[in-house]
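Quick look at model_30.txt (compact mmCIF, C-alpha atoms and all ligand atoms):
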```
# COMPACT_ATOMS: atom_id res chain seq x y z
CA MET A 118 -9.83 -7.36 8.32
CA THR A 119 -7.39 -4.50 8.53
CA ASP A 120 -8.88 -1.06 8.84
CA ALA A 121 -6.90 1.39 6.69
CA ASN A 122 -7.72 4.26 9.05
CA PRO A 123 -7.71 3.07 12.62
CA LYS A 124 -8.30 5.41 15.49
CA GLU A 125 -5.27 6.78 17.22
CA PRO A 126 -3.99 4.29 19.80
CA ASN A 127 -3.82 5.27 23.47
CA ARG A 128 -0.47 6.70 24.38
CA SER A 129 0.84 7.32 27.84
CA GLN A 130 2.10 10.78 26.91
CA PRO A 131 0.01 12.58 24.28
CA VAL A 132 1.95 14.32 21.52
CA LYS A 133 0.13 17.11 19.72
CA PHE A 134 0.74 19.36 16.75
CA PRO A 135 -0.09 23.07 16.72
CA PRO A 136 -3.29 23.85 14.72
CA HIS A 137 -3.11 23.40 10.95
CA SER A 138 -1.35 26.18 9.11
CA PRO A 139 -2.38 27.87 5.83
CA LEU A 140 0.37 25.80 4.14
CA ARG A 141 -1.64 22.61 4.50
CA GLU A 142 -4.70 24.30 3.02
CA ARG A 143 -2.67 25.56 0.03
CA LEU A 144 -1.11 22.13 -0.56
CA ASN A 145 -4.54 20.50 -0.45
CA GLN A 146 -6.00 23.06 -2.87
CA ALA A 147 -3.10 22.68 -5.33
CA VAL A 148 -3.32 18.88 -5.32
CA GLU A 149 -7.13 18.88 -5.58
CA SER A 150 -7.02 21.19 -8.58
CA TYR A 151 -4.32 18.99 -10.20
CA PHE A 152 -6.63 15.97 -10.02
CA LYS A 153 -9.69 17.97 -11.13
CA ARG A 154 -7.83 19.50 -14.08
CA ASP A 155 -6.65 16.13 -15.40
CA ARG A 156 -9.88 14.32 -14.34
CA LYS A 157 -7.83 11.66 -12.63
CA ASN A 158 -8.64 9.41 -9.72
CA LYS A 159 -6.31 9.57 -6.75
CA THR A 160 -6.09 5.77 -6.59
CA GLY A 161 -3.85 3.57 -8.73
CA GLY A 162 -6.24 2.60 -11.57
CA ILE A 163 -5.25 0.12 -14.26
CA ARG A 164 -1.56 1.02 -13.95
CA ILE A 165 -1.29 -0.33 -10.42
CA TRP A 166 -3.14 -3.53 -11.34
CA ILE A 167 -0.75 -4.27 -14.22
CA LYS A 168 2.24 -3.40 -12.08
CA SER A 169 1.04 -5.52 -9.15
CA CYS A 170 0.45 -8.55 -11.39
CA ALA A 171 3.93 -8.14 -12.92
CA ILE A 172 5.66 -7.90 -9.53
CA ILE A 173 3.73 -10.78 -7.96
CA ALA A 174 4.53 -12.90 -11.06
CA TRP A 175 8.21 -11.90 -10.70
CA ALA A 176 8.21 -13.09 -7.06
CA ALA A 177 6.37 -16.34 -7.84
CA THR A 178 8.64 -17.16 -10.80
CA SER A 179 11.77 -16.47 -8.74
CA TRP A 180 10.51 -18.73 -5.93
CA ILE A 181 9.54 -21.62 -8.25
CA ALA A 182 12.85 -21.42 -10.12
CA LEU A 183 14.82 -21.20 -6.82
CA VAL A 184 13.09 -24.10 -5.07
CA PHE A 185 12.50 -26.49 -7.98
CA PHE A 186 15.05 -25.70 -10.70
CA ALA A 187 18.22 -24.09 -9.27
CA ALA A 188 21.01 -26.57 -10.03
CA ASN A 189 24.04 -25.00 -8.31
CA TRP A 190 25.06 -22.32 -5.80
CA TRP A 191 25.38 -19.38 -8.17
CA GLN A 192 21.96 -20.01 -9.69
CA ALA A 193 20.53 -20.22 -6.16
CA LEU A 194 22.17 -16.90 -5.21
CA LEU A 195 20.94 -15.12 -8.35
CA LEU A 196 17.40 -16.41 -7.89
CA GLY A 197 17.56 -15.63 -4.15
CA ALA A 198 18.52 -12.02 -4.94
CA SER A 199 15.69 -11.86 -7.47
CA LEU A 200 13.22 -13.20 -4.87
CA GLY A 201 14.40 -10.73 -2.19
CA LEU A 202 14.01 -7.78 -4.59
CA ALA A 203 10.61 -9.01 -5.79
CA VAL A 204 9.28 -9.40 -2.22
CA ALA A 205 10.48 -5.87 -1.40
CA GLY A 206 8.76 -4.77 -4.63
CA ILE A 207 5.46 -6.27 -3.41
CA GLY A 208 5.85 -4.21 -0.23
CA PHE A 209 6.65 -0.97 -2.07
CA ASN A 210 4.08 -1.25 -4.86
CA VAL A 211 1.18 -3.44 -3.78
CA GLN A 212 0.87 -3.71 0.01
CA HIS A 213 1.92 -0.14 0.82
CA ASP A 214 -0.71 1.47 -1.44
CA GLY A 215 -3.32 -1.00 -0.19
CA GLY A 216 -2.46 -0.34 3.46
CA HIS A 217 -2.94 3.39 2.88
CA GLY A 218 -6.26 2.89 1.06
CA ALA A 219 -4.66 4.26 -2.13
CA PHE A 220 -4.63 1.12 -4.29
CA SER A 221 -8.26 1.26 -5.36
CA ARG A 222 -11.52 3.13 -4.76
CA ARG A 223 -12.94 -0.19 -3.54
CA LYS A 224 -12.20 -0.96 0.07
CA LEU A 225 -12.09 -4.68 -0.62
CA PHE A 226 -9.23 -4.36 -3.13
CA ASN A 227 -7.29 -2.15 -0.72
CA ARG A 228 -7.70 -4.81 1.94
CA PHE A 229 -6.62 -7.62 -0.34
CA SER A 230 -3.51 -5.76 -1.46
CA ALA A 231 -2.70 -4.86 2.18
CA LEU A 232 -2.97 -8.54 3.12
CA MET A 233 -0.07 -9.30 0.77
CA LEU A 234 2.14 -8.29 3.69
CA ASP A 235 0.96 -11.31 5.68
CA LEU A 236 1.86 -13.62 2.79
CA VAL A 237 5.44 -12.35 2.82
CA GLY A 238 5.87 -12.76 6.57
CA GLY A 239 4.64 -9.50 8.13
CA SER A 240 1.32 -8.56 9.70
CA SER A 241 -0.98 -6.08 7.98
CA TYR A 242 -2.82 -5.55 11.28
CA MET A 243 0.30 -4.52 13.22
CA TRP A 244 1.69 -2.55 10.25
CA ASN A 245 -1.42 -0.44 10.23
CA PHE A 246 -0.63 0.96 13.69
CA LYS A 247 3.13 0.98 13.32
CA HIS A 248 3.19 2.65 9.90
CA ASN A 249 -0.07 4.54 9.37
CA ILE A 250 -0.11 6.16 12.80
CA MET A 251 3.20 5.94 14.62
CA HIS A 252 5.34 6.61 11.54
CA HIS A 253 3.10 8.73 9.30
CA GLN A 254 1.58 10.96 11.97
CA TYR A 255 4.69 11.39 14.10
CA THR A 256 7.43 11.08 11.50
CA ASN A 257 10.93 11.18 13.05
CA VAL A 258 9.61 11.97 16.53
CA ASP A 259 12.04 9.95 18.61
CA GLY A 260 10.08 7.86 21.09
CA VAL A 261 6.87 7.73 19.02
CA ASP A 262 7.95 6.85 15.45
CA ASP A 263 8.81 3.16 15.80
CA ASP A 264 10.81 3.20 12.55
CA LEU A 265 13.56 5.03 14.45
CA VAL A 266 13.89 2.16 16.91
CA ALA A 267 16.85 -0.12 16.21
CA TRP A 268 18.65 0.47 19.51
CA PRO A 269 20.94 -0.98 20.88
CA PHE A 270 22.13 -2.14 17.44
CA LEU A 271 21.83 1.28 15.80
CA ARG A 272 21.55 4.78 17.18
CA LEU A 273 19.19 6.71 14.88
CA ALA A 274 18.38 9.78 16.99
CA PRO A 275 20.37 12.18 19.20
CA GLY A 276 18.16 11.31 22.20
CA GLN A 277 19.11 7.62 22.07
CA LYS A 278 21.93 6.51 24.35
CA ARG A 279 25.26 6.21 22.55
CA LEU A 280 27.22 2.99 22.97
CA TRP A 281 30.88 2.68 22.00
CA PHE A 282 30.27 0.47 18.96
CA HIS A 283 27.83 2.95 17.37
CA ARG A 284 30.85 4.73 15.92
CA PHE A 285 31.10 1.80 13.50
CA GLN A 286 27.39 1.64 12.70
CA TRP A 287 27.84 3.18 9.27
CA LEU A 288 29.90 0.07 8.41
CA TYR A 289 28.11 -2.77 10.19
CA ILE A 290 24.58 -1.60 9.33
CA TRP A 291 24.85 -3.39 5.94
CA PRO A 292 25.47 -6.96 7.17
CA LEU A 293 23.18 -6.26 10.16
CA TYR A 294 20.23 -6.03 7.75
CA VAL A 295 20.28 -9.83 7.50
CA PHE A 296 18.62 -9.99 10.95
CA PHE A 297 15.80 -7.51 10.33
CA PRO A 298 13.39 -9.56 8.14
CA PRO A 299 13.63 -12.66 10.41
CA LYS A 300 12.98 -10.35 13.39
CA TRP A 301 9.81 -8.97 11.72
CA GLN A 302 8.71 -12.42 10.55
CA TRP A 303 9.43 -14.47 13.68
CA PHE A 304 9.43 -12.12 16.63
CA ASP A 305 8.00 -8.59 16.46
CA ASP A 306 4.36 -9.38 15.62
CA PHE A 307 4.12 -12.09 18.29
CA ARG A 308 5.72 -9.79 20.87
CA THR A 309 3.20 -7.04 20.01
CA LEU A 310 0.40 -9.59 20.27
CA VAL A 311 1.52 -10.67 23.75
CA LYS A 312 2.38 -7.21 25.11
CA GLY A 313 -0.43 -5.28 23.41
CA ARG A 314 1.95 -2.43 22.65
CA ILE A 315 4.64 -1.25 20.25
CA GLY A 316 7.19 0.71 22.27
CA ALA A 317 5.13 2.93 24.58
CA GLN A 318 2.03 2.83 22.36
CA ARG A 319 -0.85 0.61 23.33
CA ILE A 320 -2.20 -1.38 20.39
CA PRO A 321 -5.61 -3.05 20.53
CA ARG A 322 -5.00 -6.78 20.35
CA PRO A 323 -6.36 -8.35 17.14
CA LYS A 324 -9.53 -10.38 17.53
CA GLY A 325 -11.66 -12.60 15.32
CA TRP A 326 -10.74 -12.40 11.63
CA ASN A 327 -7.70 -10.16 12.32
CA LEU A 328 -6.26 -12.67 14.77
CA THR A 329 -7.04 -15.64 12.52
CA TRP A 330 -5.44 -14.00 9.50
CA LEU A 331 -2.33 -13.11 11.51
CA PHE A 332 -1.73 -16.81 12.21
CA VAL A 333 -2.88 -18.04 8.78
CA GLY A 334 -0.57 -15.51 7.10
CA LYS A 335 2.42 -16.58 9.22
CA LEU A 336 1.67 -20.25 8.49
CA LEU A 337 1.42 -19.65 4.74
CA PHE A 338 4.65 -17.67 4.83
CA PHE A 339 6.58 -20.31 6.77
CA THR A 340 5.23 -22.97 4.41
CA TRP A 341 6.56 -21.40 1.20
CA ALA A 342 9.66 -19.82 2.72
CA LEU A 343 10.94 -22.78 4.76
CA ILE A 344 8.81 -25.93 4.90
CA VAL A 345 8.61 -26.63 1.14
CA PRO A 346 12.32 -25.78 0.63
CA PHE A 347 13.23 -28.09 3.58
CA ILE A 348 11.38 -30.95 1.84
CA MET A 349 13.30 -30.32 -1.40
CA HIS A 350 16.82 -29.44 -0.18
CA PRO A 351 19.37 -30.05 2.62
CA PHE A 352 18.72 -28.12 5.85
CA TRP A 353 21.84 -25.92 5.74
CA HIS A 354 21.36 -25.00 2.08
CA VAL A 355 17.86 -23.75 2.84
CA LEU A 356 19.00 -21.78 5.88
CA GLY A 357 21.85 -20.22 3.89
CA ILE A 358 19.58 -19.10 1.05
CA TYR A 359 16.91 -17.91 3.52
CA ALA A 360 19.57 -15.71 5.16
CA PHE A 361 20.73 -14.41 1.77
CA VAL A 362 17.17 -13.51 0.68
CA ALA A 363 16.67 -11.82 4.10
CA LEU A 364 19.85 -9.78 3.55
CA VAL A 365 18.71 -8.55 0.11
CA LEU A 366 15.21 -7.82 1.42
CA GLY A 367 16.48 -6.13 4.60
CA ILE A 368 18.96 -3.87 2.79
CA THR A 369 16.38 -2.89 0.17
CA LEU A 370 13.52 -2.11 2.58
CA GLY A 371 15.73 -0.57 5.26
CA THR A 372 17.70 1.65 2.91
CA VAL A 373 14.61 3.02 1.16
CA PHE A 374 13.13 4.02 4.53
CA LEU A 375 16.35 5.49 5.89
CA LEU A 376 17.15 7.49 2.74
CA ALA A 377 13.87 9.34 3.28
CA HIS A 378 14.19 10.08 7.00
CA CYS A 379 17.70 9.36 8.29
CA VAL A 380 19.74 11.74 6.16
CA GLU A 381 21.57 14.93 7.08
CA GLU A 382 18.84 17.14 5.64
CA ALA A 383 15.92 15.66 7.63
CA ASP A 384 15.07 16.78 11.17
CA ILE A 385 14.70 14.40 14.09
CA GLN A 386 12.58 15.70 16.95
CA PRO A 387 12.45 14.59 20.57
CA VAL A 388 9.08 14.20 22.27
CA PRO A 389 8.61 17.76 23.57
CA ALA A 390 8.38 18.21 27.32
CA ALA A 391 5.03 19.99 27.04
CA GLY A 392 3.76 17.36 24.58
CA ARG A 393 3.34 19.88 21.74
CA LEU A 394 5.61 19.73 18.69
CA PRO A 395 7.00 23.05 17.44
CA GLN A 396 5.62 22.87 13.88
CA SER A 397 2.22 22.20 12.36
CA TRP A 398 1.70 18.80 10.76
CA ALA A 399 2.48 19.76 7.12
CA GLU A 400 5.61 21.75 8.07
CA HIS A 401 6.70 18.85 10.27
CA GLN A 402 6.36 16.36 7.40
CA LEU A 403 8.35 18.64 5.09
CA ALA A 404 11.12 19.06 7.67
CA THR A 405 11.49 15.36 8.48
CA THR A 406 11.17 13.75 5.03
CA ALA A 407 13.37 13.79 1.93
CA ASN A 408 12.93 12.72 -1.69
CA PHE A 409 15.79 11.11 -3.56
CA SER A 410 16.77 10.43 -7.14
CA PRO A 411 13.49 11.76 -8.59
CA ARG A 412 14.65 11.62 -12.19
CA ASN A 413 15.54 7.92 -12.18
CA PRO A 414 12.62 6.16 -13.97
CA ILE A 415 13.73 2.63 -13.03
CA LEU A 416 13.99 3.47 -9.31
CA THR A 417 10.68 5.38 -9.43
CA TRP A 418 8.97 2.33 -10.97
CA TYR A 419 10.53 -0.25 -8.67
CA LEU A 420 10.27 1.70 -5.40
CA GLY A 421 6.57 2.37 -5.81
CA GLY A 422 7.26 6.11 -5.78
CA LEU A 423 8.95 5.88 -2.38
CA ASN A 424 11.76 8.03 -3.70
CA TYR A 425 8.98 10.69 -3.58
CA GLN A 426 8.44 10.32 0.15
CA VAL A 427 7.62 14.02 0.63
CA GLU A 428 4.54 13.67 -1.57
CA HIS A 429 3.75 10.32 0.03
CA HIS A 430 3.89 11.76 3.56
CA LEU A 431 1.74 14.76 2.67
CA PHE A 432 -0.78 12.72 0.66
CA PRO A 433 -0.58 9.09 1.80
CA ARG A 434 -4.03 8.28 0.38
CA VAL A 435 -2.91 9.23 -3.14
CA SER A 436 -1.51 6.26 -5.07
CA HIS A 437 2.20 6.23 -5.80
CA VAL A 438 1.55 6.18 -9.56
CA HIS A 439 0.80 9.94 -9.33
CA TYR A 440 3.79 11.11 -7.26
CA LYS A 441 6.11 11.95 -10.14
CA ARG A 442 3.62 14.44 -11.61
CA LEU A 443 2.48 15.65 -8.21
CA ALA A 444 6.00 16.52 -7.02
CA PRO A 445 6.36 19.76 -9.08
CA VAL A 446 2.93 20.91 -7.82
CA VAL A 447 3.98 20.35 -4.19
CA ARG A 448 7.41 21.88 -4.79
CA GLN A 449 5.86 25.03 -6.26
CA VAL A 450 3.61 25.54 -3.22
CA CYS A 451 6.61 25.03 -0.93
CA ALA A 452 8.64 27.57 -2.93
CA ASP A 453 5.75 30.10 -2.80
CA GLU A 454 5.38 29.61 0.96
CA GLY A 455 9.13 29.66 1.63
CA VAL A 456 9.30 26.22 3.24
CA PRO A 457 11.88 23.56 2.35
CA HIS A 458 11.10 20.68 0.00
CA ILE A 459 14.06 18.37 0.54
CA THR A 460 15.43 16.38 -2.41
CA ASN A 461 18.69 14.50 -2.76
CA PRO A 462 19.14 14.56 -6.55
CA SER A 463 20.69 11.10 -6.94
CA LEU A 464 20.83 7.76 -5.16
CA TYR A 465 24.55 8.31 -4.62
CA ARG A 466 23.99 11.71 -2.94
CA ALA A 467 21.24 10.25 -0.74
CA LEU A 468 23.45 7.32 0.30
CA ARG A 469 26.34 9.66 1.08
CA SER A 470 24.05 11.82 3.20
CA HIS A 471 22.69 8.73 4.99
CA ILE A 472 26.20 7.47 5.79
CA ARG A 473 27.18 10.93 7.10
CA PHE A 474 24.07 10.85 9.30
CA LEU A 475 25.01 7.41 10.67
CA ARG A 476 28.56 8.60 11.38
CA ARG A 477 27.31 11.72 13.15
CA MET A 478 24.90 9.69 15.31
CA GLY A 479 27.74 7.31 16.17
CA ARG A 480 30.11 10.04 17.34
CA ARG A 481 30.43 10.94 20.99
CA GLU A 482 29.73 14.66 20.47
CA ALA A 483 26.33 13.92 18.84
CA ALA A 484 25.11 12.79 22.26
ZN ZN A 501 3.48 4.99 3.98
```

Let me see whether you can do it: turn the structure in this file into structure tokens.
Ligand SMILES: [Zn+2]
Amino acid sequence: MTDANPKEPNRSQPVKFPPHSPLRERLNQAVESYFKRDRKNKTGGIRIWIKSCAIIAWAATSWIALVFFAANWWQALLLGASLGLAVAGIGFNVQHDGGHGAFSRRKLFNRFSALMLDLVGGSSYMWNFKHNIMHHQYTNVDGVDDDLVAWPFLRLAPGQKRLWFHRFQWLYIWPLYVFFPPKWQWFDDFRTLVKGRIGAQRIPRPKGWNLTWLFVGKLLFFTWALIVPFIMHPFWHVLGIYAFVALVLGITLGTVFLLAHCVEEADIQPVPAAGRLPQSWAEHQLATTANFSPRNPILTWYLGGLNYQVEHHLFPRVSHVHYKRLAPVVRQVCADEGVPHITNPSLYRALRSHIRFLRRMGRREAA
């Protein structure tokens, strides 16, 4: 099964942070005393169970209605959009907390919720290395954080080679999202399995149960996503709706990630020549991560608190159900210590900042 805290994978060029600063200690103290004061657990509790059941039921209902009851094209599109949003919701609210060990105090429940990713086409084993280590430890470090890798299609860091068509990336990124979920589902995990690495990072190849579950998960996913629909409907109708669901899912997942890290306010760092990053880990997370639209209760519910990515990056083992109340505590420590706590106040402002970032990365002078 997936280990929520794997050891750091071997890397050809080690990247290190300076020793921990007093800021990290103060943040830890403030958050610990918040949980002690309110006698709360850091995991999700009953709230995350109810929410998970609701979102899984939403996905299952959308799929059943789409495959067995949709009678015309507009019903199929509406139900396809609902399914794409519900699958993204499983990722944000169920799998993500489980993968970080924040869903429950019981390891078994964390593992089960993390395995939801395999049922929707990903691999919880690969995600663990790609997300928990490469992204969370080395956020926005170009060359280590694999979430910055979409080249040659997109240029997401100044150190990536600029191609002439990147100047239009702020426009074509939206339809391009249709290709991302099929790439994760059909290609990336198998490539990692064969190569034993993601980018430059060596990843231990899955064995035993991990390897079995990778294939069982893919098989279950292909069965509900394609094989059953192919039995019920014409080939091209199924492919068309599969692409539409992928577009909705890709835009939703991709945008939520990029609004936290690929905006004007967030730093992107190259791998330093000496291998040592300029800031300590907590300062680095605060400089490379942004919150958005924190006062929107619907977004906060649906995104599994991922509009509070600053709190998530500093405390990934705290369940998302706590982020809204934790944010003022973190913000106060940042204000006291004189370090930035980046927030785009609305979804519109975050999107505008993201599009400006894409335009800047696409321009010749940003090279
Ligand atoms: Zn995370």

Draw an axis-aligned box tight on the listed atoms of stretch 352-362 of chain A, then pad every side by 3 Å and write out centre and edge lengths in Å to one decimal as JSON.
```
{"center_x": 19.4, "center_y": -20.8, "center_z": 3.3, "size_x": 10.9, "size_y": 20.6, "size_z": 11.2}
```

Within 9 Å of ligand ZN 501 (chain A), which residues of chain A show up? Give each one with its shortest atom-to-atom distance in Å (one decimal) and the two atoms involved, counting only C-alpha atoms and all ligand atoms, rows by chain then rising residue number, as CSV.
```
residue,atom,partner,partner_atom,distance
A:His213,CA,A:ZN501,ZN,6.2
A:Asp214,CA,A:ZN501,ZN,7.7
A:Gly216,CA,A:ZN501,ZN,8.0
A:His217,CA,A:ZN501,ZN,6.7
A:His248,CA,A:ZN501,ZN,6.4
A:Asn249,CA,A:ZN501,ZN,6.5
A:His252,CA,A:ZN501,ZN,8.0
A:His253,CA,A:ZN501,ZN,6.5
A:Leu423,CA,A:ZN501,ZN,8.4
A:Gln426,CA,A:ZN501,ZN,8.2
A:His429,CA,A:ZN501,ZN,6.6
A:His430,CA,A:ZN501,ZN,6.8
A:Pro433,CA,A:ZN501,ZN,6.2
A:Arg434,CA,A:ZN501,ZN,9.0
```

What separation in Å, quoted to one decimal, exists between atom CA of A:Gln192 and atom CA of A:Ile368?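 Going from atom CA of A:Gln192 over to atom CA of A:Ile368 covers 20.6 Å.
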
I'd like the neighbourhood of A:Leu288 as a PDB file with C-alpha atoms, keeping the file's coordinate frame, where a residue qualifies if any of its atoms comes within 10 Å (using all atoms listed in the file), though same-chain residues fewer than 5 positions away should be ignored.
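Okay, around_17.pdb is ready:
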```
ATOM      1  CA  HIS A 283      27.830   2.950  17.370  1.00  0.00           C
ATOM      2  CA  LEU A 293      23.180  -6.260  10.160  1.00  0.00           C
ATOM      3  CA  ILE A 472      26.200   7.470   5.790  1.00  0.00           C
ATOM      4  CA  LEU A 475      25.010   7.410  10.670  1.00  0.00           C
ATOM      5  CA  ARG A 476      28.560   8.600  11.380  1.00  0.00           C
TER       6      ARG A 476
END
```

Atom CA of A:Ser138 sits from atom CA of A:Met251 at a separation of 21.5 Å

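For the atom pair formed by atom CA of A:Ala274 and atom CA of A:Asn257, the distance is 8.5 Å, given to one decimal.
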
Selection near A:Trp418, 12 Å with only C-alpha atoms, sequence-local residues under 2 positions removed, as a PyMOL selection string: chain A and resi 164-165+168-169+171-172+206-207+209-210+410-416+420-425+437-441

For a quick check of understanding, using only C-alpha atoms, which of A:Met243, A:Leu376, A:Ala147, A:Val261 has the smallest distance to A:Asp306? A:Met243

Expected residue set, 10 Å radius at (8.0, 8.8, 12.8), only C-alpha atoms, as a PyMOL selection string: chain A and resi 247-266+378+385-386+402+405-406

Counting all atoms listed in the file, which residues have an atom no more than 7 Å from (21.5, 5.7, 14.5) in the file's coordinates? Please list them as a PyMOL selection string. chain A and resi 271-274+475+478-479

Taking all atoms listed in the file into account, which of A:Lys312, A:Arg448, A:Arg319, A:His458 comes nearest A:Ala383?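 Closest residue, counting all atoms listed in the file: A:His458.
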
Selection near A:Tyr294, 12 Å with only C-alpha atoms, sequence-local residues under 6 positions removed, as an mmCIF file with C-alpha atoms, in the coordinates of the input:
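Written output follows (selection_6.cif):
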```cif
data_model
loop_
_atom_site.group_PDB
_atom_site.id
_atom_site.type_symbol
_atom_site.label_atom_id
_atom_site.label_comp_id
_atom_site.auth_asym_id
_atom_site.auth_seq_id
_atom_site.Cartn_x
_atom_site.Cartn_y
_atom_site.Cartn_z
ATOM 1 C CA ALA A 267 16.850 -0.120 16.210
ATOM 2 C CA PHE A 270 22.130 -2.140 17.440
ATOM 3 C CA LEU A 271 21.830 1.280 15.800
ATOM 4 C CA GLN A 286 27.390 1.640 12.700
ATOM 5 C CA LEU A 288 29.900 0.070 8.410
ATOM 6 C CA LYS A 300 12.980 -10.350 13.390
ATOM 7 C CA TRP A 301 9.810 -8.970 11.720
ATOM 8 C CA ALA A 360 19.570 -15.710 5.160
ATOM 9 C CA PHE A 361 20.730 -14.410 1.770
ATOM 10 C CA VAL A 362 17.170 -13.510 0.680
ATOM 11 C CA ALA A 363 16.670 -11.820 4.100
ATOM 12 C CA LEU A 364 19.850 -9.780 3.550
ATOM 13 C CA VAL A 365 18.710 -8.550 0.110
ATOM 14 C CA LEU A 366 15.210 -7.820 1.420
ATOM 15 C CA GLY A 367 16.480 -6.130 4.600
ATOM 16 C CA ILE A 368 18.960 -3.870 2.790
ATOM 17 C CA THR A 369 16.380 -2.890 0.170
ATOM 18 C CA LEU A 370 13.520 -2.110 2.580
ATOM 19 C CA GLY A 371 15.730 -0.570 5.260
ATOM 20 C CA THR A 372 17.700 1.650 2.910
#
```

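For the set A:Trp268, A:Tyr419, A:Trp166, A:Trp341, the residue with the smallest atom-to-atom gap to A:Ile290 is A:Trp268, counting all atoms listed in the file.
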